[in-house]
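Enquirer: Got structure-v9.txt for you, compact mmCIF, C-alpha atoms:
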```txt
# COMPACT_ATOMS: atom_id res chain seq x y z
CA MET A 1 -105.90 -52.84 52.16
CA GLU A 2 -108.90 -53.18 49.88
CA PHE A 3 -112.32 -53.94 51.34
CA GLN A 4 -114.15 -56.87 49.72
CA PHE A 5 -117.63 -58.22 50.35
CA HIS A 6 -117.94 -61.80 51.42
CA PRO A 7 -119.65 -63.67 48.51
CA LYS A 8 -122.66 -64.57 50.67
CA LEU A 9 -123.01 -60.96 51.85
CA HIS A 10 -122.82 -59.77 48.22
CA LEU A 11 -125.59 -62.23 47.23
CA LEU A 12 -127.71 -61.14 50.20
CA LEU A 13 -127.26 -57.48 49.26
CA CYS A 14 -128.31 -58.19 45.66
CA LEU A 15 -131.39 -60.09 46.83
CA PHE A 16 -132.30 -57.23 49.17
CA ILE A 17 -132.05 -54.69 46.32
CA LEU A 18 -134.21 -56.92 44.11
CA PHE A 19 -136.72 -57.27 46.94
CA LEU A 20 -136.91 -53.47 47.38
CA SER A 21 -137.30 -52.84 43.64
CA PHE A 22 -140.16 -55.36 43.52
CA PHE A 23 -142.07 -53.43 46.17
CA GLN A 24 -141.14 -50.04 44.71
CA ALA A 25 -142.83 -50.63 41.33
CA GLN A 26 -145.88 -52.76 41.97
CA PRO A 27 -148.73 -52.59 39.49
CA THR A 28 -151.71 -50.54 40.62
CA SER A 29 -155.21 -51.92 40.21
CA PHE A 30 -157.47 -49.93 37.90
CA ARG A 31 -160.93 -50.15 36.40
CA TYR A 32 -162.48 -48.86 33.23
CA CYS A 33 -164.79 -45.85 33.59
CA ASP A 34 -167.63 -47.45 31.64
CA ASP A 35 -168.64 -50.86 30.35
CA VAL A 36 -167.45 -49.99 26.83
CA ASN A 37 -165.34 -51.94 24.37
CA TYR A 38 -162.62 -49.29 24.08
CA ALA A 39 -160.23 -49.29 21.11
CA VAL A 40 -157.32 -48.95 23.57
CA LYS A 41 -156.98 -51.60 26.26
CA VAL A 42 -154.94 -50.78 29.35
CA SER A 43 -152.78 -53.63 30.61
CA GLY A 44 -151.23 -51.94 33.62
CA VAL A 45 -150.71 -48.85 35.73
CA GLU A 46 -147.45 -48.32 37.59
CA ILE A 47 -146.82 -45.51 40.08
CA THR A 48 -143.31 -44.73 41.25
CA PRO A 49 -142.80 -44.18 44.10
CA ASP A 50 -145.85 -45.83 45.61
CA PRO A 51 -147.05 -44.24 47.81
CA VAL A 52 -146.39 -40.84 46.28
CA VAL A 53 -144.40 -38.43 48.47
CA ARG A 54 -145.74 -34.90 48.31
CA ALA A 55 -143.39 -32.22 46.95
CA ARG A 56 -141.37 -34.97 45.23
CA PRO A 57 -141.52 -36.20 41.60
CA ALA A 58 -143.87 -39.10 40.89
CA THR A 59 -144.19 -41.09 37.66
CA PHE A 60 -147.47 -42.53 36.42
CA LYS A 61 -146.87 -45.12 33.69
CA ILE A 62 -149.81 -46.52 31.69
CA SER A 63 -149.17 -49.62 29.56
CA SER A 64 -151.73 -50.05 26.78
CA ALA A 65 -152.47 -51.69 23.44
CA THR A 66 -154.42 -50.27 20.53
CA ARG A 67 -156.24 -52.23 17.87
CA GLU A 68 -156.16 -49.26 15.49
CA ALA A 69 -153.44 -46.71 14.68
CA ILE A 70 -153.79 -43.40 16.51
CA SER A 71 -152.71 -40.31 14.57
CA GLY A 72 -153.23 -37.84 17.42
CA GLY A 73 -155.28 -37.01 20.45
CA LYS A 74 -155.01 -36.04 24.09
CA TRP A 75 -154.86 -37.43 27.61
CA VAL A 76 -157.26 -35.80 30.04
CA ILE A 77 -156.27 -36.31 33.68
CA THR A 78 -158.59 -35.52 36.57
CA VAL A 79 -157.59 -35.96 40.23
CA ALA A 80 -160.14 -36.08 43.05
CA TYR A 81 -159.63 -36.03 46.81
CA ILE A 82 -162.54 -37.11 49.01
CA GLY A 83 -164.76 -36.98 45.90
CA VAL A 84 -163.85 -33.36 45.05
CA VAL A 85 -161.91 -32.60 41.85
CA VAL A 86 -158.68 -30.90 42.94
CA HIS A 87 -156.72 -30.95 39.68
CA LYS A 88 -157.37 -31.30 35.96
CA GLU A 89 -154.92 -31.18 33.08
CA THR A 90 -154.74 -32.10 29.41
CA HIS A 91 -151.68 -33.40 27.55
CA ASP A 92 -151.17 -33.73 23.81
CA LEU A 93 -150.73 -37.46 23.17
CA CYS A 94 -148.03 -36.78 20.56
CA GLU A 95 -145.94 -34.97 23.19
CA GLN A 96 -146.11 -38.09 25.39
CA VAL A 97 -145.49 -40.74 22.69
CA SER A 98 -144.31 -40.76 19.09
CA CYS A 99 -147.24 -40.26 16.69
CA PRO A 100 -148.75 -41.90 14.87
CA VAL A 101 -149.10 -44.69 17.43
CA ALA A 102 -149.01 -47.97 15.52
CA THR A 103 -151.33 -50.87 16.20
CA GLY A 104 -150.05 -52.82 19.21
CA ASN A 105 -148.50 -52.00 22.57
CA PHE A 106 -147.45 -48.55 23.74
CA VAL A 107 -146.68 -46.81 27.04
CA VAL A 108 -147.56 -43.30 28.20
CA ALA A 109 -145.57 -42.02 31.17
CA ASN A 110 -145.98 -38.71 32.95
CA THR A 111 -143.67 -37.46 35.70
CA GLN A 112 -144.54 -34.48 37.82
CA LYS A 113 -143.83 -33.02 41.21
CA LEU A 114 -146.93 -32.95 43.36
CA PRO A 115 -147.53 -29.82 45.43
CA ALA A 116 -146.08 -29.58 48.94
CA PHE A 117 -149.49 -28.50 50.27
CA ALA A 118 -151.28 -31.65 49.02
CA PRO A 119 -152.86 -33.28 52.06
CA PRO A 120 -151.84 -36.87 52.71
CA GLY A 121 -154.47 -39.45 51.89
CA THR A 122 -156.07 -41.46 49.10
CA TYR A 123 -156.76 -39.79 45.76
CA THR A 124 -158.63 -41.01 42.68
CA MET A 125 -157.19 -40.37 39.24
CA LYS A 126 -159.25 -40.58 36.06
CA MET A 127 -157.33 -40.78 32.79
CA THR A 128 -159.16 -40.52 29.48
CA LEU A 129 -157.46 -40.91 26.11
CA LYS A 130 -159.33 -39.17 23.29
CA ASN A 131 -158.60 -39.23 19.56
CA GLU A 132 -158.23 -36.15 17.35
CA ASN A 133 -162.06 -36.07 16.98
CA ASN A 134 -162.42 -35.89 20.80
CA GLU A 135 -163.88 -39.43 20.92
CA PRO A 136 -162.81 -41.57 23.88
CA LEU A 137 -160.35 -44.35 23.06
CA THR A 138 -160.09 -45.49 26.68
CA CYS A 139 -160.90 -44.29 30.17
CA ILE A 140 -159.62 -45.70 33.47
CA THR A 141 -159.70 -44.77 37.13
CA PHE A 142 -157.35 -45.81 39.90
CA LYS A 143 -156.47 -44.81 43.43
CA PHE A 144 -153.11 -43.64 44.74
CA LYS A 145 -151.85 -42.40 48.08
CA ILE A 146 -149.91 -39.27 48.94
CA VAL A 147 -147.80 -39.34 52.10
CA PHE A 148 -145.50 -36.95 53.95
CA GLY A 149 -141.78 -37.40 53.19
CA SER A 150 -139.87 -39.52 55.69
CA SER A 151 -137.11 -38.00 57.78
CA VAL A 152 -134.69 -40.65 56.40
CA SER A 153 -135.34 -39.60 52.78
CA ASP A 154 -135.07 -35.91 53.68
CA ILE A 155 -131.45 -36.26 54.86
```
Mind turning the file's structure into structure tokens?
Expert:
Amino acid sequence: MEFQFHPKLHLLLCLFILFLSFFQAQPTSFRYCDDVNYAVKVSGVEITPDPVVRARPATFKISSATREAISGGKWVITVAYIGVVVHKETHDLCEQVSCPVATGNFVVANTQKLPAFAPPGTYTMKMTLKNENNEPLTCITFKFKIVFGSSVSDI
């Protein structure tokens, strides 16, 4: 005998999955570092999962648009906890996206596993995109939370 979902149960399950995915990938609010008319405008920041679970991979996705082509550069990422810088890294832009970046929309995504010893709480991330002459193209800051893993997800 083959098990089949009742059509209403199937629809309810689909709606539940859609509901969960909506809350899993909510946009994160951000602000620009300075009151500058940057060449690159950020349209959104998405963190998955949100909140971030320590010792598990997290993806930070930055949606942007540029009014001028970008032939190269770097992303500088600084993370602070309680106002103290706890991590800093630099990524070659052309390793994150295909260069040159044409005028228009582009997305930079970075996935990494956060350390197991990271204390739970609210962190501030500063992301600066600089061109090949080390001039800032954009700079944003946003907050994110790190939590302990749940016992359900650890099974």
Enquirer: Please determine, counting only C-alpha atoms, which residue among A:Arg67, A:His87, A:Lys145, A:Lys130 has the shortest atom-to-atom distance to Ala39 in chain A.
Expert: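 Residue with the minimum atom-to-atom distance to Ala39 in chain A: A:Arg67.
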Enquirer: Considering only C-alpha atoms, can you say which of A:Lys74, A:Phe142, A:Pro115, A:Val86 comes closest to Pro27 in chain A?
Expert: A:Phe142
Enquirer: So how far away is CA of Thr124 in chain A from CA of Pro100 in chain A, in Å?
Expert: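 A separation of 29.5 Å between them.
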Enquirer: Smallest atom-to-atom distance to Gly121 in chain A: which of A:Cys33, A:Val84, A:Ala69, A:Val147, using only C-alpha atoms?
Expert: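 Under the stated criterion, the closest residue is A:Val147.
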Enquirer: List the neighbours of Val40 in chain A out to 6 Å using only C-alpha atoms; skip same-chain residues closer than 6 positions along the sequence, and give me the result as a list of chain:residue names.
Expert: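 Contacts, in chain order: A:Ala65, A:Thr66, A:Leu137, A:Thr138.
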Enquirer: Could you rebuild range 65-76 of chain A with all heavy atoms and give me the result as a short mmCIF file (atom, residue, chain, number, x, y, z; two decimals), in the coordinates of the input?
Expert:
```cif
data_model
loop_
_atom_site.label_atom_id
_atom_site.label_comp_id
_atom_site.auth_asym_id
_atom_site.auth_seq_id
_atom_site.Cartn_x
_atom_site.Cartn_y
_atom_site.Cartn_z
N ALA A 65 -152.54 -51.13 24.79
CA ALA A 65 -152.47 -51.69 23.44
C ALA A 65 -153.64 -51.12 22.65
O ALA A 65 -154.75 -50.99 23.17
CB ALA A 65 -152.53 -53.21 23.49
N THR A 66 -153.37 -50.80 21.40
CA THR A 66 -154.42 -50.27 20.53
C THR A 66 -154.66 -51.22 19.37
O THR A 66 -153.72 -51.79 18.83
CB THR A 66 -154.09 -48.85 20.02
OG1 THR A 66 -155.14 -48.41 19.18
CG2 THR A 66 -152.77 -48.79 19.28
N ARG A 67 -155.90 -51.37 19.00
CA ARG A 67 -156.24 -52.23 17.87
C ARG A 67 -156.32 -51.44 16.57
O ARG A 67 -156.52 -52.01 15.52
CB ARG A 67 -157.53 -53.00 18.14
CG ARG A 67 -158.74 -52.14 18.34
CD ARG A 67 -159.98 -53.00 18.53
NE ARG A 67 -161.14 -52.13 18.59
CZ ARG A 67 -162.03 -52.15 19.54
NH1 ARG A 67 -161.91 -53.00 20.54
NH2 ARG A 67 -163.06 -51.33 19.52
N GLU A 68 -156.19 -50.11 16.68
CA GLU A 68 -156.16 -49.26 15.49
C GLU A 68 -155.09 -48.19 15.68
O GLU A 68 -154.83 -47.76 16.80
CB GLU A 68 -157.53 -48.61 15.25
CG GLU A 68 -158.03 -47.79 16.43
CD GLU A 68 -159.47 -47.32 16.29
OE1 GLU A 68 -160.34 -48.16 16.02
OE2 GLU A 68 -159.69 -46.11 16.48
N ALA A 69 -154.46 -47.76 14.59
CA ALA A 69 -153.44 -46.71 14.68
C ALA A 69 -154.07 -45.42 15.18
O ALA A 69 -155.24 -45.13 14.88
CB ALA A 69 -152.80 -46.49 13.31
N ILE A 70 -153.30 -44.66 15.95
CA ILE A 70 -153.79 -43.40 16.51
C ILE A 70 -152.90 -42.29 15.95
O ILE A 70 -151.70 -42.25 16.20
CB ILE A 70 -153.71 -43.41 18.05
CG1 ILE A 70 -154.47 -44.61 18.63
CG2 ILE A 70 -154.24 -42.10 18.62
CD1 ILE A 70 -154.22 -44.83 20.11
N SER A 71 -153.51 -41.37 15.20
CA SER A 71 -152.71 -40.31 14.57
C SER A 71 -152.54 -39.09 15.48
O SER A 71 -151.66 -38.26 15.24
CB SER A 71 -153.34 -39.88 13.25
OG SER A 71 -154.66 -39.43 13.46
N GLY A 72 -153.33 -38.97 16.50
CA GLY A 72 -153.23 -37.84 17.42
C GLY A 72 -154.32 -37.92 18.46
O GLY A 72 -155.19 -38.79 18.41
N GLY A 73 -154.26 -37.02 19.40
CA GLY A 73 -155.28 -37.01 20.45
C GLY A 73 -154.75 -36.36 21.71
O GLY A 73 -153.74 -35.65 21.69
N LYS A 74 -155.41 -36.64 22.82
CA LYS A 74 -155.01 -36.04 24.09
C LYS A 74 -155.36 -36.95 25.25
O LYS A 74 -156.28 -37.77 25.17
CB LYS A 74 -155.68 -34.68 24.27
CG LYS A 74 -157.20 -34.73 24.28
CD LYS A 74 -157.81 -33.34 24.34
CE LYS A 74 -159.33 -33.42 24.24
NZ LYS A 74 -159.93 -32.11 24.25
N TRP A 75 -154.58 -36.79 26.33
CA TRP A 75 -154.86 -37.43 27.61
C TRP A 75 -155.49 -36.38 28.50
O TRP A 75 -154.94 -35.30 28.66
CB TRP A 75 -153.57 -37.90 28.28
CG TRP A 75 -153.02 -39.21 27.82
CD1 TRP A 75 -151.96 -39.39 27.01
CD2 TRP A 75 -153.48 -40.51 28.17
NE1 TRP A 75 -151.73 -40.72 26.81
CE2 TRP A 75 -152.66 -41.43 27.53
CE3 TRP A 75 -154.52 -40.98 28.97
CZ2 TRP A 75 -152.82 -42.80 27.64
CZ3 TRP A 75 -154.70 -42.35 29.09
CH2 TRP A 75 -153.86 -43.25 28.43
N VAL A 76 -156.62 -36.69 29.07
CA VAL A 76 -157.26 -35.80 30.04
C VAL A 76 -157.13 -36.47 31.40
O VAL A 76 -157.58 -37.60 31.59
CB VAL A 76 -158.74 -35.53 29.68
CG1 VAL A 76 -159.37 -34.61 30.72
CG2 VAL A 76 -158.86 -34.96 28.28
#
```
